[in-house]
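As provided, entry29.txt (compact mmCIF, C-alpha atoms) reads as follows.
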```
# COMPACT_ATOMS: atom_id res chain seq x y z
CA MET A 1 0.00 0.00 0.00
CA THR A 2 2.81 2.39 0.94
CA ARG A 3 4.72 1.54 -2.24
CA ALA A 4 1.60 2.08 -4.36
CA PHE A 5 1.04 5.41 -2.61
CA TRP A 6 4.59 6.63 -3.28
CA LEU A 7 4.48 5.38 -6.85
CA SER A 8 1.31 7.42 -7.41
CA VAL A 9 2.79 10.49 -5.70
CA THR A 10 5.99 10.30 -7.78
CA PHE A 11 4.05 9.78 -10.97
CA LEU A 12 1.72 12.71 -10.30
CA ALA A 13 4.59 15.00 -9.23
CA VAL A 14 6.75 14.25 -12.28
CA PHE A 15 3.76 14.34 -14.58
CA THR A 16 2.67 17.73 -13.22
CA ILE A 17 6.19 19.15 -13.64
CA VAL A 18 6.62 17.84 -17.20
CA TRP A 19 3.07 18.77 -18.13
CA GLY A 20 3.66 22.27 -16.75
CA LEU A 21 6.88 22.59 -18.76
CA PHE A 22 5.00 21.48 -21.85
CA THR A 23 1.86 23.58 -21.60
CA LEU A 24 2.87 26.64 -19.57
CA GLY A 25 6.56 26.66 -20.52
CA GLY A 26 5.85 26.12 -24.22
CA LEU A 27 8.14 23.09 -24.45
CA ASP A 28 5.49 21.23 -26.49
CA ASN A 29 5.68 23.82 -29.26
CA VAL A 30 9.48 23.80 -29.20
CA LEU A 31 9.65 20.00 -29.49
CA ALA A 32 6.91 19.90 -32.13
CA ALA A 33 8.69 22.57 -34.20
CA PHE A 34 11.95 20.62 -33.85
CA ALA A 35 10.22 17.41 -35.03
CA ALA A 36 8.66 19.38 -37.91
CA GLN A 37 12.12 20.54 -39.04
CA GLY A 38 13.26 16.93 -39.06
CA ALA A 39 10.12 15.80 -40.89
CA SER A 40 10.45 18.45 -43.61
CA ALA A 41 14.13 17.57 -44.09
CA LEU A 42 13.24 13.88 -44.34
CA LEU A 43 10.43 14.54 -46.82
CA SER A 44 12.73 16.72 -48.93
CA LEU A 45 15.26 13.89 -48.92
CA LEU A 46 12.64 11.30 -49.91
CA THR A 47 10.90 13.30 -52.63
CA GLY A 48 13.54 15.76 -53.80
CA VAL A 49 11.09 18.63 -53.35
CA GLU A 50 11.95 21.56 -51.08
CA ILE A 51 9.61 21.85 -48.07
CA GLY A 52 9.30 25.08 -46.10
CA THR A 53 8.23 25.11 -42.44
CA ALA A 54 6.87 27.74 -40.09
CA ALA A 55 5.28 27.68 -36.64
CA SER A 56 2.39 30.06 -36.05
CA ASP A 57 0.01 30.20 -33.07
CA GLY A 58 1.06 26.75 -31.94
CA ALA A 59 0.37 25.23 -35.37
CA LEU A 60 3.00 23.82 -37.71
CA TRP A 61 2.70 25.15 -41.26
CA PHE A 62 4.33 23.65 -44.30
CA ARG A 63 4.90 25.13 -47.74
CA VAL A 64 5.26 23.02 -50.86
CA SER A 65 5.41 24.77 -54.21
CA GLY A 66 2.25 24.28 -56.26
CA ILE A 67 -0.22 23.92 -53.32
CA GLU A 68 -1.59 26.12 -50.56
CA PRO A 69 0.37 26.14 -47.25
CA PHE A 70 -1.11 23.60 -44.84
CA ALA A 71 -0.99 22.95 -41.09
CA VAL A 72 -0.19 19.59 -39.52
CA GLN A 73 -0.86 18.64 -35.91
CA ALA A 74 1.87 17.09 -33.75
CA ALA A 75 0.41 14.76 -31.13
CA LEU A 76 2.77 11.98 -30.10
CA VAL A 77 5.40 14.21 -28.49
CA ILE A 78 2.76 16.17 -26.61
CA VAL A 79 0.78 13.18 -25.36
CA TYR A 80 3.23 10.31 -25.02
CA LEU A 81 6.42 12.07 -23.95
CA PRO A 82 5.13 13.41 -20.57
CA LEU A 83 3.45 10.05 -19.97
CA PHE A 84 6.68 8.17 -20.67
CA VAL A 85 8.83 10.44 -18.49
CA ALA A 86 6.34 10.21 -15.60
CA VAL A 87 5.97 6.41 -15.89
CA VAL A 88 9.71 5.67 -15.90
CA SER A 89 10.38 8.21 -13.12
CA ALA A 90 7.77 6.53 -10.93
CA ALA A 91 8.97 3.04 -11.87
CA THR A 92 12.67 3.50 -11.19
CA PRO A 93 13.97 2.60 -7.72
CA ARG A 94 16.80 5.16 -8.09
CA PHE A 95 18.00 7.66 -10.67
CA ASP A 96 21.03 5.69 -11.79
CA ARG A 97 22.67 5.03 -15.15
CA ARG A 98 20.01 2.48 -16.09
CA PHE A 99 17.28 5.09 -15.62
CA TRP A 100 19.04 7.66 -17.81
CA ILE A 101 19.65 5.09 -20.55
CA VAL A 102 15.97 4.05 -20.55
CA LEU A 103 14.90 7.69 -20.52
CA GLY A 104 17.23 8.60 -23.39
CA VAL A 105 16.26 5.64 -25.55
CA GLY A 106 12.53 6.15 -24.92
CA VAL A 107 12.56 9.88 -25.62
CA THR A 108 14.57 9.31 -28.81
CA LEU A 109 12.14 6.63 -29.99
CA ILE A 110 9.06 8.77 -29.31
CA PHE A 111 10.69 11.74 -30.98
CA GLY A 112 11.67 9.59 -33.99
CA LEU A 113 8.11 8.26 -34.26
CA GLU A 114 6.76 11.80 -34.14
CA THR A 115 9.11 12.84 -36.94
CA LEU A 116 7.99 9.89 -39.07
CA ALA A 117 4.30 10.55 -38.26
CA LEU A 118 4.64 14.22 -39.22
CA THR A 119 6.40 13.22 -42.46
CA ALA A 120 3.54 10.83 -43.25
CA ARG A 121 0.90 13.51 -42.56
CA MET A 122 2.74 16.11 -44.65
CA TRP A 123 3.16 13.71 -47.54
CA ASP A 124 -0.52 12.75 -47.36
CA GLU A 125 -1.53 16.44 -47.47
CA ALA A 126 0.75 17.21 -50.43
CA ARG A 127 0.33 13.89 -52.24
CA SER A 128 -1.08 15.55 -55.35
CA THR A 129 2.26 17.30 -55.82
CA LEU A 130 4.69 14.85 -54.27
CA GLY A 131 3.19 11.59 -55.59
CA GLY A 132 3.04 8.25 -53.75
CA GLY A 133 5.00 5.03 -53.83
CA ALA A 134 6.07 2.24 -51.49
CA VAL A 135 7.78 4.61 -49.03
CA PHE A 136 4.61 6.72 -48.83
CA HIS A 137 2.52 3.65 -47.92
CA ALA A 138 5.13 2.44 -45.42
CA LEU A 139 5.04 5.85 -43.70
CA GLN A 140 1.23 5.77 -43.58
CA ILE A 141 1.41 2.39 -41.82
CA VAL A 142 3.92 3.82 -39.31
CA LEU A 143 1.54 6.74 -38.75
CA LYS A 144 -1.42 4.42 -38.12
CA LEU A 145 0.62 2.23 -35.77
CA SER A 146 1.89 5.28 -33.87
CA GLU A 147 -1.62 6.61 -33.43
CA ARG A 148 -2.80 3.16 -32.38
CA GLY A 149 -0.44 2.92 -29.45
CA LEU A 150 3.03 2.20 -30.85
CA ALA A 151 4.25 5.38 -29.15
CA ALA A 152 3.16 3.91 -25.79
CA VAL A 153 5.43 0.87 -26.16
CA PRO A 154 8.49 2.68 -24.65
CA ALA A 155 6.43 3.35 -21.51
CA PHE A 156 5.57 -0.37 -21.14
CA VAL A 157 9.12 -1.57 -21.80
CA GLY A 158 10.66 1.22 -19.69
CA ALA A 159 8.40 0.36 -16.75
CA LEU A 160 9.36 -3.31 -17.06
CA VAL A 161 13.09 -2.56 -17.30
CA LEU A 162 13.09 -0.28 -14.27
CA TRP A 163 10.35 -1.84 -12.12
CA ASN A 164 10.17 -5.53 -12.77
CA PRO A 165 8.25 -7.22 -9.96
CA ALA A 166 9.55 -10.59 -11.10
CA SER A 167 13.18 -9.49 -10.82
CA ARG A 168 12.51 -7.92 -7.45
CA LYS A 169 11.04 -11.19 -6.24
CA ARG A 170 14.21 -13.02 -7.30
CA ALA A 171 16.58 -10.29 -6.19
CA ALA A 172 15.36 -9.95 -2.60
CA PRO A 173 15.96 -13.57 -1.47
CA ALA A 174 19.24 -13.58 -3.43
CA ALA A 175 20.43 -10.48 -1.59
CA GLN A 176 19.32 -11.93 1.77
CA GLY A 177 21.15 -15.15 0.97
CA ALA A 178 24.27 -13.22 0.01
CA LYS A 179 24.14 -11.24 3.26
CA ALA A 180 23.72 -14.34 5.34
CA ALA A 181 26.52 -16.14 3.54
CA ASP A 182 28.87 -13.18 3.90
CA GLU A 183 28.58 -13.17 7.71
CA PRO A 184 31.50 -15.12 9.22
CA THR A 185 30.34 -18.36 10.76
CA PRO A 186 32.51 -20.73 12.77
CA ALA A 187 32.59 -23.15 9.84
CA ALA A 188 33.42 -20.50 7.24
CA SER A 189 36.13 -18.76 9.28
CA LYS A 190 37.96 -21.99 9.73
CA MET B 1 33.09 -16.30 0.79
CA ARG B 2 33.35 -19.67 -0.90
CA ARG B 3 29.84 -20.48 0.25
CA LEU B 4 28.64 -17.28 -1.42
CA VAL B 5 30.36 -18.11 -4.71
CA ASP B 6 28.93 -21.62 -4.66
CA ALA B 7 25.45 -20.32 -3.94
CA ARG B 8 25.73 -17.85 -6.81
CA SER B 9 26.93 -20.47 -9.29
CA LYS B 10 24.09 -22.75 -8.26
CA ARG B 11 21.60 -19.99 -8.92
CA HIS B 12 23.13 -19.36 -12.35
CA GLY B 13 23.00 -23.06 -13.12
CA ARG B 14 19.38 -23.41 -12.10
CA ALA B 15 18.32 -20.40 -14.15
CA ARG B 16 20.15 -21.70 -17.22
CA LEU B 17 18.48 -25.10 -16.81
CA ARG B 18 15.07 -23.50 -16.55
CA GLU B 19 15.66 -21.53 -19.75
CA GLN B 20 16.73 -24.71 -21.54
CA GLN B 21 13.52 -26.38 -20.39
CA GLY B 22 11.48 -23.59 -21.93
CA HIS B 23 10.57 -21.84 -18.68
CA ALA B 24 12.24 -18.53 -19.45
CA ALA B 25 11.74 -15.92 -16.79
CA ILE B 26 10.47 -12.41 -17.30
CA PRO B 27 13.32 -10.28 -18.61
CA VAL B 28 15.19 -7.37 -17.10
CA ALA B 29 17.21 -6.69 -13.99
CA THR B 30 17.27 -4.27 -11.11
CA ALA B 31 21.03 -4.40 -10.61
CA ARG B 32 24.20 -3.53 -12.49
CA PRO B 33 26.79 -6.26 -12.25
CA GLN B 34 29.62 -4.15 -13.69
CA GLU B 35 29.36 -1.83 -10.69
CA HIS B 36 29.91 -4.67 -8.25
CA SER B 37 33.44 -5.18 -9.48
CA SER B 38 34.31 -1.53 -8.92
CA LEU B 39 33.04 -1.58 -5.35
CA SER B 40 32.99 -5.13 -4.15
CA ASP B 41 32.44 -8.61 -5.48
CA THR B 42 29.63 -9.04 -3.03
CA PRO B 43 26.18 -7.92 -4.07
CA THR B 44 24.43 -5.94 -1.38
CA GLU B 45 20.78 -5.49 -0.57
CA ALA B 46 20.84 -2.13 -2.35
CA GLU B 47 22.35 -3.71 -5.45
CA PRO B 48 21.07 -7.26 -5.59
CA HIS B 49 22.64 -9.89 -7.77
CA THR B 50 21.58 -10.01 -11.41
CA ALA B 51 20.11 -13.27 -12.61
CA PRO B 52 21.49 -14.41 -15.97
CA ASN B 53 18.07 -14.23 -17.63
CA ASP B 54 17.80 -10.52 -16.73
CA SER B 55 19.77 -9.55 -19.81
CA PRO B 56 19.36 -6.90 -22.50
CA ARG B 57 18.79 -9.80 -24.89
CA ALA B 58 15.78 -10.94 -22.84
CA THR B 59 14.43 -7.37 -22.87
CA LEU B 60 14.89 -7.16 -26.63
CA SER B 61 13.23 -10.54 -27.04
CA PHE B 62 10.22 -9.36 -25.00
CA THR B 63 10.07 -6.09 -26.99
CA GLY B 64 10.23 -8.01 -30.28
CA ARG B 65 7.33 -10.27 -29.28
CA PHE B 66 5.39 -7.25 -27.99
CA LEU B 67 5.83 -5.35 -31.29
CA ALA B 68 5.07 -8.44 -33.41
CA ILE B 69 1.77 -9.12 -31.60
CA LEU B 70 0.90 -5.42 -31.73
CA ALA B 71 1.57 -5.42 -35.49
CA LEU B 72 -0.70 -8.47 -35.94
CA ILE B 73 -3.52 -6.72 -34.07
CA ALA B 74 -2.95 -3.56 -36.16
CA ILE B 75 -3.10 -5.60 -39.38
CA VAL B 76 -6.45 -7.13 -38.34
CA LEU B 77 -7.82 -3.65 -37.55
CA TYR B 78 -6.46 -2.34 -40.85
CA LEU B 79 -8.08 -5.21 -42.79
CA ASP B 80 -11.35 -4.56 -41.00
CA ASP B 81 -11.16 -0.91 -41.99
CA ALA B 82 -9.93 -1.33 -45.57
CA VAL B 83 -11.25 -4.72 -46.71
CA TRP B 84 -14.02 -6.02 -44.44
CA ASN B 85 -15.94 -2.73 -44.39
CA ASP B 86 -15.90 -2.39 -40.56
CA ALA B 87 -17.59 -5.77 -40.11
CA LEU B 88 -15.73 -6.30 -36.79
CA VAL B 89 -15.72 -2.78 -35.41
CA GLN B 90 -19.11 -1.42 -36.49
CA PRO B 91 -21.17 -3.65 -34.15
CA LEU B 92 -18.83 -2.72 -31.28
CA THR B 93 -19.23 1.00 -31.91
CA GLU B 94 -23.04 0.65 -31.97
CA VAL B 95 -23.11 -1.35 -28.72
CA SER B 96 -20.74 1.18 -27.09
CA ALA B 97 -22.94 4.09 -28.18
CA GLN B 98 -26.00 2.30 -26.79
CA PHE B 99 -24.32 1.72 -23.42
CA VAL B 100 -23.13 5.33 -23.21
CA SER B 101 -26.58 6.65 -24.06
CA TRP B 102 -28.25 4.27 -21.61
CA ASN B 103 -25.87 5.14 -18.75
CA LEU B 104 -26.21 8.88 -19.34
CA THR B 105 -29.98 8.43 -19.16
CA LEU B 106 -29.50 6.66 -15.82
CA PHE B 107 -27.74 9.80 -14.56
CA GLY B 108 -30.71 11.89 -15.67
CA MET B 109 -29.22 13.20 -18.92
CA GLU B 110 -31.41 13.02 -21.99
CA THR B 111 -29.75 11.69 -25.13
CA VAL B 112 -30.91 10.75 -28.62
CA LEU B 113 -29.34 7.61 -30.06
CA ASP B 114 -29.09 6.90 -33.80
CA GLY B 115 -26.94 3.89 -34.64
CA SER B 116 -23.47 4.77 -33.37
CA SER B 117 -24.31 8.50 -33.04
CA ILE B 118 -25.41 10.21 -29.84
CA GLU B 119 -27.01 13.64 -29.56
CA PHE B 120 -26.66 15.42 -26.22
CA GLU B 121 -27.64 19.02 -25.43
CA GLY B 122 -27.77 19.90 -29.13
CA HIS B 123 -24.34 18.46 -29.92
CA GLY B 124 -23.82 15.35 -32.05
CA PHE B 125 -21.18 12.71 -31.22
CA SER B 126 -20.23 9.86 -33.49
CA VAL B 127 -18.70 6.81 -31.83
CA VAL B 128 -16.05 5.53 -34.28
CA ALA B 129 -13.42 2.76 -34.17
CA ASP B 130 -10.84 4.94 -32.41
CA CYS B 131 -13.31 5.76 -29.61
CA ILE B 132 -13.91 2.26 -28.29
CA GLY B 133 -10.42 1.77 -26.91
CA LEU B 134 -9.23 -0.93 -29.29
CA GLU B 135 -5.69 0.46 -29.36
CA VAL B 136 -5.23 0.32 -25.59
CA LEU B 137 -6.85 -3.12 -25.45
CA GLY B 138 -4.44 -4.21 -28.18
CA LEU B 139 -1.49 -2.79 -26.24
CA PHE B 140 -2.52 -4.58 -23.05
CA VAL B 141 -3.23 -7.91 -24.74
CA ALA B 142 0.05 -7.73 -26.70
CA ALA B 143 2.01 -6.90 -23.52
CA VAL B 144 0.42 -9.84 -21.64
CA LEU B 145 0.98 -12.30 -24.49
CA ALA B 146 4.61 -11.17 -24.90
CA VAL B 147 5.53 -12.08 -21.31
CA PRO B 148 6.89 -15.65 -21.05
CA ALA B 149 4.13 -17.10 -18.88
CA THR B 150 1.83 -20.11 -19.00
CA PHE B 151 -1.30 -20.02 -21.16
CA ALA B 152 -3.49 -20.08 -18.02
CA HIS B 153 -1.66 -17.06 -16.62
CA LYS B 154 -2.05 -15.14 -19.86
CA LEU B 155 -5.73 -16.01 -19.97
CA LYS B 156 -6.08 -14.80 -16.37
CA GLY B 157 -4.28 -11.54 -17.25
CA ILE B 158 -6.46 -10.87 -20.25
CA GLY B 159 -9.60 -11.85 -18.34
CA MET B 160 -8.66 -9.51 -15.50
CA GLY B 161 -7.47 -6.53 -17.53
CA VAL B 162 -9.76 -6.34 -20.56
CA PRO B 163 -13.03 -5.81 -18.59
CA VAL B 164 -11.37 -3.08 -16.50
CA LEU B 165 -10.06 -1.31 -19.61
CA ILE B 166 -13.47 -1.58 -21.31
CA PHE B 167 -15.06 -0.06 -18.19
CA ILE B 168 -12.49 2.78 -18.05
CA ASN B 169 -13.02 3.49 -21.73
CA HIS B 170 -16.79 3.52 -21.18
CA VAL B 171 -16.36 6.14 -18.45
CA ARG B 172 -14.09 8.06 -20.85
CA MET B 173 -16.75 8.14 -23.56
CA MET B 174 -19.45 9.21 -21.08
CA THR B 175 -17.36 12.09 -19.73
CA LEU B 176 -16.39 13.21 -23.23
CA VAL B 177 -20.05 13.35 -24.31
CA VAL B 178 -20.90 15.39 -21.20
CA LEU B 179 -17.87 17.68 -21.74
CA GLY B 180 -18.75 18.15 -25.41
CA GLY B 181 -22.38 18.94 -24.57
CA ARG B 182 -21.89 21.25 -21.60
CA TRP B 183 -18.27 22.47 -21.54
CA THR B 184 -17.28 22.33 -25.21
CA GLU B 185 -13.99 24.18 -24.70
CA TRP B 186 -12.74 21.28 -22.51
CA LEU B 187 -13.58 18.57 -25.05
CA ASP B 188 -10.28 18.73 -26.97
CA ILE B 189 -8.19 18.74 -23.80
CA GLY B 190 -10.07 15.76 -22.41
CA HIS B 191 -10.17 13.89 -25.72
CA VAL B 192 -6.62 14.46 -26.98
CA TYR B 193 -4.55 14.87 -23.82
CA ILE B 194 -6.09 13.75 -20.54
CA TRP B 195 -7.97 10.53 -21.29
CA PRO B 196 -5.36 8.86 -23.56
CA MET B 197 -2.85 9.22 -20.74
CA ILE B 198 -5.27 7.87 -18.12
CA VAL B 199 -6.22 4.77 -20.13
CA ILE B 200 -2.60 3.94 -21.04
CA LEU B 201 -1.52 4.47 -17.45
CA VAL B 202 -4.29 2.14 -16.24
CA ALA B 203 -3.18 -0.43 -18.84
CA ILE B 204 0.45 -0.26 -17.64
CA GLY B 205 -0.66 -0.47 -14.00
CA LEU B 206 -2.86 -3.50 -14.68
CA TRP B 207 -0.09 -5.20 -16.60
CA LEU B 208 2.52 -4.68 -13.86
CA SER B 209 -0.02 -5.83 -11.24
CA TRP B 210 -0.63 -8.97 -13.28
CA ILE B 211 3.12 -9.68 -13.35
CA ARG B 212 3.18 -9.30 -9.56
CA ILE B 213 0.23 -11.66 -9.19
CA ILE B 214 1.78 -14.42 -11.27
CA ARG B 215 5.32 -14.05 -9.94
CA ASP B 216 4.79 -16.51 -7.07
CA ASP B 217 4.13 -19.37 -9.43
CA SER B 218 7.22 -21.56 -9.55
CA ARG B 219 6.40 -22.69 -13.07
CA LEU B 220 7.11 -19.17 -14.31
CA LEU B 221 9.85 -17.64 -12.22
CA ALA B 222 13.14 -18.49 -10.61
```

Give the structure from this file in structure tokens form.
Amino acid sequence: MTRAFWLSVTFLAVFTIVWGLFTLGGLDNVLAAFAAQGASALLSLLTGVEIGTAASDGALWFRVSGIEPFAVQAALVIVYLPLFVAVVSAATPRFDRRFWIVLGVGVTLIFGLETLALTARMWDEARSTLGGGAVFHALQIVLKLSERGLAAVPAFVGALVLWNPASRKRAAPAAQGAKAADEPTPAASK
Amino acid sequence: MRRLVDARSKRHGRARLREQQGHAAIPVATARPQEHSSLSDTPTEAEPHTAPNDSPRATLSFTGRFLAILALIAIVLYLDDAVWNDALVQPLTEVSAQFVSWNLTLFGMETVLDGSSIEFEGHGFSVVADCIGLEVLGLFVAAVLAVPATFAHKLKGIGMGVPVLIFINHVRMMTLVVLGGRWTEWLDIGHVYIWPMIVILVAIGLWLSWIRIIRDDSRLLA
């Protein structure tokens, strides 16, 4: 009960801080604009057409020659990133190297998925100009999977890596056994 | 100290044997063996000994299974959408809309139901495939199936978690209809930000609780 209480408190505290940084601090717009830059660069690389980007009133606008500028919504970074950070912060027993590795890998994966999802949305919007192809369809599948929960996978795996009840069950008796065995006994000291 | 070393090698041996017999344990460790050598060869209570099956390979193996099952579920949903003309999802959306409408009526709120559409306080809401929580159910089921556990345990996990997630999603739909009807400006925040986080968090909590419940079974764990 106590552990569940502290898990909830940690989760809520971290979530509130990250959520505050995102909404009040404007970090969501910064990250979304950063992902949009990556997405436009990727789409330019894939199609050979120059893509212009601009952020206005929290929306991401893209310019492709031949069609009207259009806005695309970033969602994964805004929804799944605070969730991931709060889940792994609550799940970790201590903020050690393992935690920072999990955090770094998870944030990178979510950010990468957001970049791919934005690329897919942009390409879908400008398909009349940019055309289609196998890569287009592959990106649309990635987009669908991301929207259908793929972006939540780092939170599941991160929670398991940092807070694995099964490992804890094994680790506790092992540690007790190690402690007991390490104490000098008459038989061992001889 | 010799007794400790012997005890540790026995544990390693047992775990290896179990893996060979097909009873692989749940992956991932809570300790860092490389740090033991810098401080002491003896694992302490703060840094318990790492079992051999708690390896990055086991974590990757779990993640691979998780993603593969998730992809299978996504393919079925895609086929239903693109090929089967919503034959699987359409009945579910209609039943969900009926339940939402019926429960809102129980709370004294008048609604008009038309197939999978609900009208409340002059606002229309269409219950579509994304509304009925299939993605979070898919995530939970994939996560349960990806854990190396017995079939009975997996069945227990799915039987325990799926009804809870369906209930949570039902509450989500009810609150969104009420928000959309009475406090429209809050609908987007609730729909896009708040509820997705709550349902995924509940799914992760249920899944970790299930792992805790099954951990005492000697058929599964070391």

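Across the structure, atom CA of Ile78 of chain A and atom CA of Leu118 of chain A are spaced 12.9 Å apart.
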
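The residue that comes closest to Gly38 of chain A, out of A:Gly52, A:Phe11, A:Val64, A:Phe99 and on the basis of all atoms listed in the file, is A:Gly52.
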
Practice item. Could you check which of A:Val87, A:Val18, A:Val105, A:Leu46 is closest to chain B, using all atoms listed in the file? Key: A:Val87

Check your understanding: What is the distance, in Å and to one decimal place, between atom CA of Leu187 of chain B and atom CA of Val199 of chain B?
Key ->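 Between these atoms lies a distance of 16.4 Å.
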
Review point. Could you work out how far atom CA of Gln37 of chain A lies from atom CA of Ala75 of chain A, giving the answer in Å with one decimal?
Key: 15.3 Å

Check your understanding: Pick the closest to chain A from B:Pro148, B:Gly180, B:Gly138, B:Pro163: which is it, counting only C-alpha atoms?
Key -> B:Gly138

Check your understanding: Which polymer residues have any atom within 8 Å of an atom of segment 136-146 of chain A, counting all atoms listed in the file, with same-chain residues fewer than 2 positions away left out, as number ranges by chain?
Key -> A: 76, 113, 116-117, 119-121, 123, 132-134, 148-151; B: 71, 74

Practice item. Identify, on the basis of all atoms listed in the file, every residue whose closest approach to segment 152-155 of chain A does not exceed 10 Å; exclude the query and any residue fewer than 5 positions from it along the same chain; express the result as JSON, numbers by chain. Key: {"A": [76, 79, 80, 81, 83, 84, 85, 86, 87, 88, 91, 102, 103, 105, 106, 107, 108, 109, 110, 146, 147, 160, 161], "B": [63, 66, 67, 70, 136, 139, 143, 197, 200, 201, 204]}
